[in-house]
Each structure stands twice: as C-alpha cells, then as structure tokens.
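Engineer: Dropping in data.tsv, which is TSV, C-alpha atoms and all ligand atoms:
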chain	number	residue	atom	x	y	z
A	1	MET	CA	104.14	-162.59	-41.56
A	2	ALA	CA	103.68	-166.15	-40.50
A	3	LEU	CA	101.76	-168.84	-38.72
A	4	VAL	CA	102.03	-168.35	-34.96
A	5	THR	CA	101.07	-170.44	-31.95
A	6	MET	CA	97.85	-170.02	-30.10
A	7	LYS	CA	99.63	-170.01	-26.75
A	8	TYR	CA	101.43	-166.83	-27.69
A	9	GLU	CA	98.27	-165.03	-28.86
A	10	LEU	CA	96.22	-166.09	-25.83
A	11	ALA	CA	98.91	-165.05	-23.33
A	12	LYS	CA	98.90	-161.56	-24.84
A	13	ALA	CA	95.09	-161.47	-24.68
A	14	GLU	CA	95.22	-162.45	-20.99
A	15	LYS	CA	97.62	-159.63	-20.22
A	16	GLU	CA	95.52	-157.07	-22.07
A	17	ASN	CA	92.03	-158.38	-21.24
A	18	TYR	CA	90.50	-159.18	-24.59
A	19	ALA	CA	89.66	-162.40	-26.47
A	20	VAL	CA	91.20	-163.67	-29.69
A	21	PRO	CA	88.55	-164.43	-32.33
A	22	ALA	CA	88.62	-168.03	-33.54
A	23	PHE	CA	86.73	-168.59	-36.78
A	24	ASN	CA	86.00	-171.87	-38.55
A	25	PHE	CA	86.80	-172.01	-42.25
A	26	PHE	CA	85.23	-174.46	-44.65
A	27	THR	CA	86.39	-173.11	-48.03
A	28	PHE	CA	89.22	-170.98	-49.32
A	29	SER	CA	86.97	-167.92	-49.84
A	30	ASN	CA	85.76	-168.19	-46.25
A	31	LEU	CA	89.40	-168.23	-45.08
A	32	ALA	CA	90.34	-165.29	-47.31
A	33	GLY	CA	87.45	-163.27	-45.82
A	34	ILE	CA	88.75	-163.99	-42.31
A	35	ALA	CA	92.24	-162.88	-43.36
A	36	GLN	CA	90.85	-159.74	-44.97
A	37	ALA	CA	89.07	-158.82	-41.74
A	38	ALA	CA	92.19	-159.47	-39.62
A	39	LYS	CA	94.17	-157.21	-41.92
A	40	ASN	CA	91.55	-154.42	-41.97
A	41	LYS	CA	91.23	-154.49	-38.19
A	42	ARG	CA	94.88	-155.26	-37.37
A	43	SER	CA	93.61	-158.14	-35.25
A	44	PRO	CA	95.17	-161.45	-34.31
A	45	VAL	CA	93.07	-164.32	-35.61
A	46	ILE	CA	92.73	-168.08	-35.18
A	47	ALA	CA	91.68	-169.91	-38.35
A	48	MET	CA	90.03	-173.16	-37.27
A	49	ALA	CA	89.83	-176.11	-39.63
A	50	THR	CA	87.08	-178.58	-38.80
A	51	VAL	CA	87.75	-182.30	-39.00
A	52	SER	CA	85.27	-182.81	-41.86
A	53	GLY	CA	86.49	-179.70	-43.69
A	54	THR	CA	90.08	-180.85	-43.33
A	55	LYS	CA	89.19	-184.24	-44.77
A	56	ILE	CA	87.79	-182.49	-47.85
A	57	MET	CA	90.45	-179.78	-48.26
A	58	GLY	CA	93.39	-181.95	-47.18
A	59	GLU	CA	95.40	-181.69	-43.97
A	60	ASN	CA	98.50	-180.35	-45.64
A	61	ALA	CA	96.56	-178.05	-47.96
A	62	SER	CA	94.65	-176.57	-45.02
A	63	VAL	CA	97.93	-175.45	-43.45
A	64	LYS	CA	99.39	-174.26	-46.73
A	65	MET	CA	96.29	-172.16	-47.46
A	66	CYS	CA	96.69	-170.46	-44.09
A	67	GLU	CA	100.38	-169.91	-44.72
A	68	GLY	CA	99.56	-168.44	-48.13
A	69	VAL	CA	96.88	-166.03	-46.91
A	70	SER	CA	98.98	-164.93	-43.95
A	71	GLU	CA	101.70	-163.89	-46.43
A	72	ASP	CA	99.34	-162.41	-49.03
A	73	TYR	CA	97.42	-160.37	-46.49
A	74	GLY	CA	100.47	-159.56	-44.36
A	75	ILE	CA	99.03	-160.94	-41.12
A	76	ASP	CA	100.01	-163.41	-38.42
A	77	MET	CA	97.58	-166.30	-38.14
A	78	VAL	CA	97.09	-169.33	-35.89
A	79	VAL	CA	96.05	-172.47	-37.77
A	80	HIS	CA	94.08	-174.65	-35.39
A	81	LEU	CA	92.48	-178.08	-35.75
A	82	ASP	CA	89.08	-177.88	-34.08
A	83	HIS	CA	87.30	-180.68	-32.11
A	84	CYS	CA	89.29	-183.73	-33.08
A	85	ARG	CA	88.85	-187.07	-31.33
A	86	ASP	CA	91.33	-188.99	-33.45
A	87	TYR	CA	94.83	-189.26	-31.96
A	88	ASP	CA	96.44	-190.24	-35.28
A	89	MET	CA	94.84	-187.40	-37.20
A	90	ILE	CA	96.02	-184.90	-34.59
A	91	ARG	CA	99.56	-186.22	-34.85
A	92	ARG	CA	99.48	-185.95	-38.64
A	93	CYS	CA	98.17	-182.38	-38.45
A	94	ILE	CA	100.95	-181.46	-36.03
A	95	ASP	CA	103.45	-183.01	-38.43
A	96	ASP	CA	101.92	-181.02	-41.30
A	97	GLY	CA	102.39	-177.71	-39.51
A	98	PHE	CA	99.18	-176.88	-37.62
A	99	THR	CA	100.26	-174.51	-34.85
A	100	SER	CA	97.43	-175.51	-32.53
A	101	VAL	CA	95.13	-178.51	-32.05
A	102	MET	CA	92.07	-179.37	-30.01
A	103	ILE	CA	91.71	-182.85	-28.58
A	104	ASP	CA	88.06	-183.33	-27.74
A	105	ALA	CA	87.72	-186.32	-25.46
A	106	SER	CA	84.93	-184.68	-23.47
A	107	SER	CA	82.55	-187.57	-24.15
A	108	LYS	CA	84.95	-189.98	-22.42
A	109	SER	CA	85.44	-190.63	-18.72
A	110	TYR	CA	87.68	-188.24	-16.78
A	111	ASP	CA	90.56	-190.74	-16.78
A	112	GLU	CA	90.31	-191.45	-20.51
A	113	ASN	CA	90.15	-187.72	-21.25
A	114	VAL	CA	93.28	-187.19	-19.14
A	115	ASP	CA	95.07	-190.09	-20.81
A	116	ILE	CA	94.57	-189.04	-24.44
A	117	THR	CA	94.96	-185.31	-23.72
A	118	SER	CA	98.30	-185.84	-21.97
A	119	ARG	CA	99.58	-188.01	-24.81
A	120	ILE	CA	98.70	-185.24	-27.28
A	121	VAL	CA	100.30	-182.60	-25.01
A	122	GLU	CA	103.49	-184.67	-24.90
A	123	TYR	CA	103.62	-185.05	-28.69
A	124	ALA	CA	102.70	-181.40	-29.40
A	125	ALA	CA	105.33	-180.10	-26.96
A	126	LYS	CA	108.12	-181.40	-29.19
A	127	TYR	CA	106.89	-179.06	-31.95
A	128	GLY	CA	105.85	-176.13	-29.77
A	129	VAL	CA	102.23	-176.70	-30.83
A	130	THR	CA	99.44	-175.45	-28.52
A	131	VAL	CA	96.85	-177.91	-27.20
A	132	GLU	CA	93.25	-177.13	-26.26
A	133	ALA	CA	91.08	-179.72	-24.51
A	134	GLU	CA	87.48	-179.78	-23.32
A	135	LEU	CA	86.16	-180.66	-19.91
A	136	GLY	CA	82.44	-180.93	-19.31
A	137	SER	CA	80.33	-181.28	-22.40
A	138	ILE	CA	79.12	-178.52	-24.73
A	139	GLY	CA	75.66	-179.17	-26.20
A	140	GLY	CA	74.59	-178.92	-29.84
A	141	LYS	CA	76.10	-180.21	-33.07
A	142	GLU	CA	79.64	-179.41	-34.12
A	143	ASP	CA	80.87	-181.13	-37.25
A	144	ASP	CA	80.20	-184.85	-36.70
A	145	ILE	CA	79.99	-184.54	-32.90
A	146	GLU	CA	76.48	-184.18	-31.49
A	147	VAL	CA	75.59	-183.72	-27.82
A	148	ASP	CA	71.89	-183.48	-27.00
A	149	ASP	CA	70.97	-180.74	-24.57
A	150	MET	CA	70.13	-183.25	-21.81
A	151	SER	CA	73.66	-184.69	-21.93
A	152	ALA	CA	75.46	-181.35	-21.87
A	153	LEU	CA	77.41	-181.05	-18.62
A	154	PHE	CA	78.85	-177.86	-17.22
A	155	THR	CA	82.56	-177.82	-16.35
A	156	GLN	CA	83.16	-178.30	-12.63
A	157	PRO	CA	85.69	-175.71	-11.40
A	158	GLU	CA	87.55	-178.06	-9.02
A	159	GLU	CA	87.75	-180.73	-11.70
A	160	ALA	CA	89.20	-178.16	-14.12
A	161	VAL	CA	92.05	-177.52	-11.68
A	162	ARG	CA	92.76	-181.23	-11.42
A	163	PHE	CA	92.50	-181.72	-15.18
A	164	VAL	CA	95.03	-178.99	-15.95
A	165	ARG	CA	97.42	-180.41	-13.34
A	166	ASP	CA	96.98	-183.95	-14.69
A	167	THR	CA	97.39	-183.08	-18.39
A	168	HIS	CA	99.47	-179.87	-18.60
A	169	VAL	CA	97.13	-178.71	-21.35
A	170	ASP	CA	97.66	-175.13	-22.65
A	171	CYS	CA	94.06	-173.93	-22.75
A	172	LEU	CA	90.66	-175.22	-21.80
A	173	ALA	CA	87.23	-175.17	-23.44
A	174	VAL	CA	84.62	-174.75	-20.74
A	175	ALA	CA	80.98	-175.79	-20.86
A	176	ALA	CA	78.97	-173.01	-19.25
A	177	GLY	CA	75.72	-172.70	-21.18
A	178	THR	CA	76.66	-172.09	-24.80
A	179	VAL	CA	75.89	-174.69	-27.49
A	180	HIS	CA	77.17	-175.33	-30.99
A	181	GLY	CA	74.88	-174.24	-33.82
A	182	PHE	CA	71.87	-171.95	-33.74
A	183	TYR	CA	70.13	-171.48	-30.38
A	184	LYS	CA	66.57	-172.68	-29.91
A	185	ALA	CA	66.20	-170.32	-26.95
A	186	GLU	CA	68.29	-167.47	-25.56
A	187	PRO	CA	71.46	-169.01	-24.04
A	188	LYS	CA	71.85	-168.70	-20.29
A	189	ILE	CA	75.56	-168.47	-19.65
A	190	ASP	CA	76.85	-169.27	-16.19
A	191	PHE	CA	79.25	-166.32	-15.88
A	192	ALA	CA	80.01	-167.02	-12.22
A	193	ARG	CA	81.27	-170.47	-13.20
A	194	ILE	CA	83.58	-169.02	-15.85
A	195	ALA	CA	84.90	-166.43	-13.39
A	196	LYS	CA	85.50	-169.08	-10.74
A	197	ILE	CA	87.41	-171.33	-13.14
A	198	HIS	CA	89.47	-168.34	-14.29
A	199	THR	CA	90.33	-167.47	-10.69
A	200	LEU	CA	91.37	-171.04	-9.93
A	201	ILE	CA	93.52	-171.51	-13.06
A	202	PRO	CA	94.47	-167.95	-14.09
A	203	ASP	CA	97.36	-169.08	-16.29
A	204	ILE	CA	95.21	-171.32	-18.47
A	205	PRO	CA	93.29	-169.35	-21.11
A	206	LEU	CA	89.62	-170.33	-21.25
A	207	VAL	CA	87.73	-170.92	-24.47
A	208	LEU	CA	84.06	-170.23	-25.20
A	209	HIS	CA	82.59	-172.45	-27.90
A	210	GLY	CA	79.28	-171.90	-29.68
A	211	GLY	CA	79.75	-168.18	-30.33
A	212	THR	CA	77.12	-167.97	-33.10
A	213	GLY	CA	73.96	-166.33	-31.80
A	214	VAL	CA	75.33	-165.27	-28.40
A	215	SER	CA	74.49	-161.62	-27.79
A	216	TYR	CA	77.38	-159.20	-28.02
A	217	GLU	CA	76.68	-158.13	-24.46
A	218	ASP	CA	77.08	-161.73	-23.25
A	219	LEU	CA	80.28	-162.19	-25.26
A	220	ARG	CA	81.73	-159.09	-23.61
A	221	LYS	CA	80.63	-160.29	-20.17
A	222	ALA	CA	82.25	-163.69	-20.78
A	223	ILE	CA	85.50	-161.93	-21.68
A	224	ALA	CA	85.31	-159.86	-18.50
A	225	CYS	CA	85.01	-163.17	-16.60
A	226	GLY	CA	88.19	-164.55	-18.20
A	227	ILE	CA	87.36	-166.01	-21.64
A	228	ARG	CA	90.32	-165.50	-24.01
A	229	LYS	CA	89.22	-167.31	-27.17
A	230	ILE	CA	85.77	-167.13	-28.72
A	231	ASN	CA	84.81	-169.71	-31.33
A	232	VAL	CA	82.40	-168.91	-34.14
A	233	GLY	CA	81.58	-171.32	-36.94
A	234	THR	CA	77.91	-171.63	-37.92
A	235	GLU	CA	77.68	-167.91	-38.70
A	236	PHE	CA	80.32	-168.31	-41.44
A	237	ARG	CA	79.04	-171.63	-42.75
A	238	VAL	CA	75.41	-170.57	-43.03
A	239	HIS	CA	75.39	-166.81	-43.49
A	240	GLY	CA	78.87	-166.19	-44.88
A	241	ILE	CA	78.92	-169.02	-47.39
A	242	SER	CA	75.57	-170.75	-48.03
A	243	ASP	CA	73.30	-167.69	-47.99
A	244	THR	CA	75.76	-165.71	-50.09
A	245	VAL	CA	76.02	-168.41	-52.75
A	246	LYS	CA	72.22	-168.89	-52.82
A	247	ASN	CA	71.60	-165.14	-53.11
A	248	GLU	CA	74.16	-164.65	-55.87
A	249	TYR	CA	72.69	-167.43	-58.00
A	250	ALA	CA	69.13	-166.29	-57.24
A	251	LYS	CA	70.05	-162.83	-58.56
A	252	LEU	CA	71.90	-164.21	-61.59
A	253	PRO	CA	71.59	-167.91	-62.43
A	254	ASP	CA	74.62	-167.67	-64.76
A	255	ALA	CA	76.76	-165.84	-62.19
A	256	ASP	CA	80.49	-166.28	-62.71
A	257	PRO	CA	81.76	-168.48	-59.83
A	258	ARG	CA	84.69	-166.10	-59.40
A	259	ASN	CA	82.26	-163.30	-58.57
A	260	VAL	CA	80.36	-165.59	-56.21
A	261	CYS	CA	83.63	-166.42	-54.42
A	262	ARG	CA	84.43	-162.72	-54.19
A	263	SER	CA	81.07	-162.11	-52.51
A	264	VAL	CA	81.77	-164.93	-50.03
A	265	ILE	CA	85.11	-163.30	-49.18
A	266	GLU	CA	83.43	-159.92	-48.67
A	267	ASN	CA	80.55	-161.24	-46.58
A	268	CYS	CA	82.80	-163.41	-44.39
A	269	ALA	CA	85.02	-160.36	-43.86
A	270	VAL	CA	82.00	-158.30	-42.75
A	271	ILE	CA	80.99	-160.99	-40.22
A	272	ALA	CA	84.56	-161.35	-38.92
A	273	GLU	CA	85.13	-157.60	-38.59
A	274	GLU	CA	82.01	-157.16	-36.51
A	275	LEU	CA	83.07	-159.97	-34.16
A	276	ILE	CA	86.61	-158.60	-33.90
A	277	ASP	CA	85.14	-155.32	-32.67
A	278	VAL	CA	83.06	-157.17	-30.07
A	279	VAL	CA	85.90	-159.25	-28.63
A	280	GLY	CA	88.22	-156.25	-28.38
A	281	SER	CA	91.07	-157.63	-30.53
A	282	ALA	CA	91.18	-154.82	-33.09
A	283	GLY	CA	94.60	-153.17	-33.18
A	284	LYS	CA	96.16	-155.97	-31.10
A	285	ALA	CA	98.18	-157.55	-33.91
A	286	VAL	CA	101.89	-157.04	-33.31
B	1	LIG	P1	79.19	-172.19	-33.50
B	1	LIG	O1	79.15	-172.97	-34.78
B	1	LIG	O2	77.97	-172.38	-32.68
B	1	LIG	O3	79.51	-170.75	-33.75
B	1	LIG	O4	80.37	-172.81	-32.64
B	1	LIG	C1	81.63	-172.94	-33.22
B	1	LIG	C2	82.57	-173.63	-32.33
B	1	LIG	O5	82.46	-173.58	-31.12
B	1	LIG	C3	83.65	-174.37	-32.96
B	1	LIG	O6	84.45	-175.08	-32.07
Kindly transcribe the structure held in the file into structure tokens.
Structural biologist:
Amino acid sequence: MALVTMKYELAKAEKENYAVPAFNFFTFSNLAGIAQAAKNKRSPVIAMATVSGTKIMGENASVKMCEGVSEDYGIDMVVHLDHCRDYDMIRRCIDDGFTSVMIDASSKSYDENVDITSRIVEYAAKYGVTVEAELGSIGGKEDDIEVDDMSALFTQPEEAVRFVRDTHVDCLAVAAGTVHGFYKAEPKIDFARIAKIHTLIPDIPLVLHGGTGVSYEDLRKAIACGIRKINVGTEFRVHGISDTVKNEYAKLPDADPRNVCRSVIENCAVIAEELIDVVGSAGKAV
C-alpha cells in the first residue's frame, strides 16, 4: 500500500462514473479517521493538506503521516496540497513527496494564471505529480484565501478549453455555484455549466470545491454531469474535530487526550464513510 497519484485515481473514476472523495486534514487524528473510512469502505481517497495546516504540521511530516497511515491501514492514498498560491512552497512539497498539488492563481489575470500554472505543470511532470488548477473564482473562505460572494466568478466553458490547452494541467477546479465554508443560503449549482465543460474537455477531470453543506442529491447530480473529485473540509474541521473535542471535555473535563483523539478518529471516519457512499467510490479501491 502506498501513496498514489491523483491522475491515476481520477482517470479510473472517469471510466467508471464516480467521484473520488477529497478530504482536508488538519490533525493526525483527522487523517487517521479518513484512512479508517477508506479502509472500511474499500474506497480510494485523497488526503488534502491545507497551506496553513501544512505550515503547522510540517511539509515533510504531512507526507510522512500519509505514508504511515496508508501502510498501517493497508490503503492507497493520494496526498494533495490544497489551494496554494506560493510557487516555492509547491516546489518544496513536490520535492518532499506530495503526489498531487493545487496551484490556485484564480485571483490573477488569465495570463498570469496560465503562466504560473504552466510552470508548476512543467516542474511536477518531472516527478509524475498531478496538478490541479482553478479557473473562475469560488466564493467563501478557504484557509487564508477569501473571496466575497460578489467577486465569485463562474468558470467560462470556452475559457476552460483554452486554459487546459495553454497549461496542460491535469485537472480543473470549476466555479459553478458552490462556496467554501458553511452556506448562508441553499447553493444553486449550475449543472448545465459543469456538463458543458465536461463535454468540451472530457479528458480533464473536473473538481467541485466547497462540498460541505451541499445536499447529497446535488453532489450526485454534479457527478452525473462530470465531476470526478469532491472536496470537503469544513465538515471535518468543525464537526469532526472542534465539536468532538468540545463535547468530550464538556462530558469529562479531565478527559484523557488519548480518548479525545480516539473520538476524533471515530467521528471523522463516520463523516468520511457517509460521503464515500454518496460519491459512489465505495469498493473502488484496487
Ligand atoms: P468546504 O470547506 O466548504 O467543504 O470546502 C473544502 C474545499 O473545497 C477545499 O479545497
């Protein structure tokens, strides 16, 4: 069992019409819960380190933790750097063994986005590392990147075709109505836009960000339109970790931290298993 590339997992998902679940991890227990769920469900899984989380846990340690859990739990795992705008950090993470990275230059002009994304693609190709980029602009707050709802811009299908041709990126995050973080109102996803982009660039797996709070019906519809990776983070950070820790100490102020960590593992596994069932990846691990 080992770390695998995202390109490989997403190509299989495209062939078999499901999405690979991509979960943010912020602590070791959170990651162990994700691994537990992948093992229980025999599902492929993408463990996504955030930039701020990686700065706390360490770039090298983030990879080594994933390597360790993939061996301990007997699963294949993709270790992905999520939403990074820093070229040097991405290079270091590739050097350290991340099998996938996301360059997020979506706040830049089209030409600047193309420039930095293609430089990352060129560097990553030497190591066989998968690259995800974003075109358009996804609203909400993700890590230290905040896009107010008025500035969120949906991905233009024709521009997506040009962008993929100009950068040779492996997969593309599309902005089509989801936002990062909790929703203030029911999200209105532009499924027709996703389907159109998928038809125009069928070989490029599409990524849906902002999975927390999207109805299961909408997640399934998005997959039917061509989404192959679904990102979920806030659900783990808030419900999987924070609420669990608060509840454990509310029940028992002297709780042993080892028991608290065990509860975080269990609760994160419950969240991950439910999402695995929704995205149709159960039983798809090779
Ligand atoms: P949520 O935190 O809204 O689930 O989004 C996560 C995400 O898209 C990470 O890239």
Engineer: Find, counting all atoms listed in the file, the residue in A:Ile56, A:Ala224, A:Met48, A:Val270 that gets nearest to ligand LIG 1 (chain B).
Structural biologist: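 Counting all atoms listed in the file, the residue closest to ligand LIG 1 (chain B) is A:Met48.
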Engineer: Given only C-alpha atoms as the basis, pick out the residue of A:Met89, A:Ile94, A:Asp166, A:Val161 nearest to Ser52 (chain A).
Structural biologist: A:Met89
Engineer: Residues at most 7 Å from region 78-80 of chain A, counting all atoms listed in the file, excluding those fewer than 6 positions away in the same chain, as an MDAnalysis selection string?
Structural biologist: chainID A and resid 3:6 45:49 63 66 98:101
Engineer: Ala32 (chain A): which residues within 10 Å, counting only C-alpha atoms, same-chain residues fewer than 5 positions away excluded, as a list in words?
Structural biologist: Phe25, Thr27, Ala37, Ala38, Met65, Cys66, Gly68, Val69, Ser70, Asp72, Tyr73, Cys261, Arg262, Val264, Ile265, Glu266, Cys268 and Ala269 of chain A
Engineer: Need to verify the contact set: Phe236 (chain A), 10 Å, only C-alpha atoms, exclusion of same-chain residues closer than 3 positions in sequence. Can you return it as a list in words?
Structural biologist: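 Returned residues: Phe23, Asn24, Phe25, Phe26, Asn30, Leu31, Gly33, Ile34, Thr212, Val232, Gly233, His239, Gly240, Ile241, Ser242, Asp243, Val264, Asn267, Cys268, Ala269, Ile271 and Ala272 of chain A.
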Engineer: Check the smallest atom-to-atom distance from each of A:Glu71, A:Asp203, A:Asp218, A:Asp143 to ligand LIG 1 (chain B) using all atoms listed in the file, then report the winner.
Structural biologist: A:Asp143
Engineer: Produce the centre coordinates and the three edge lengths, each in Å to one decimal, of the box along x, y and z that contains all listed atoms of region 90-104 of chain A with 6 Å added on each side, as JSON.
Structural biologist:
{"center_x": 95.8, "center_y": -180.4, "center_z": -34.5, "size_x": 27.4, "size_y": 23.7, "size_z": 25.6}
Engineer: One decimal, Å: what's the distance from CA of Arg91 (chain A) over to CA of Gly128 (chain A), could you say?
Structural biologist: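 Straight-line distance from CA of Arg91 (chain A) to CA of Gly128 (chain A) works out to 12.9 Å.
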Engineer: Go through A:Val279, A:Ala152, A:Phe191, A:Ala61 and flag the residue nearest Gly211 (chain A), using all atoms listed in the file for the distances.
Structural biologist: A:Val279
Engineer: Report, in Å with one decimal, the straight-line distance from CA of Glu59 (chain A) to CA of Ala285 (chain A).
Structural biologist: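 Separating CA of Glu59 (chain A) from CA of Ala285 (chain A) is a distance of 26.3 Å.
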Engineer: Need to verify the contact set: region 186-189 of chain A, 7 Å, only C-alpha atoms, exclusion of same-chain residues closer than 5 positions in sequence. Can you return it as a list of chain:residue names?
Structural biologist: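 Counting only C-alpha atoms, the residues come to A:Ala176, A:Gly177, A:Thr178, A:Val214.
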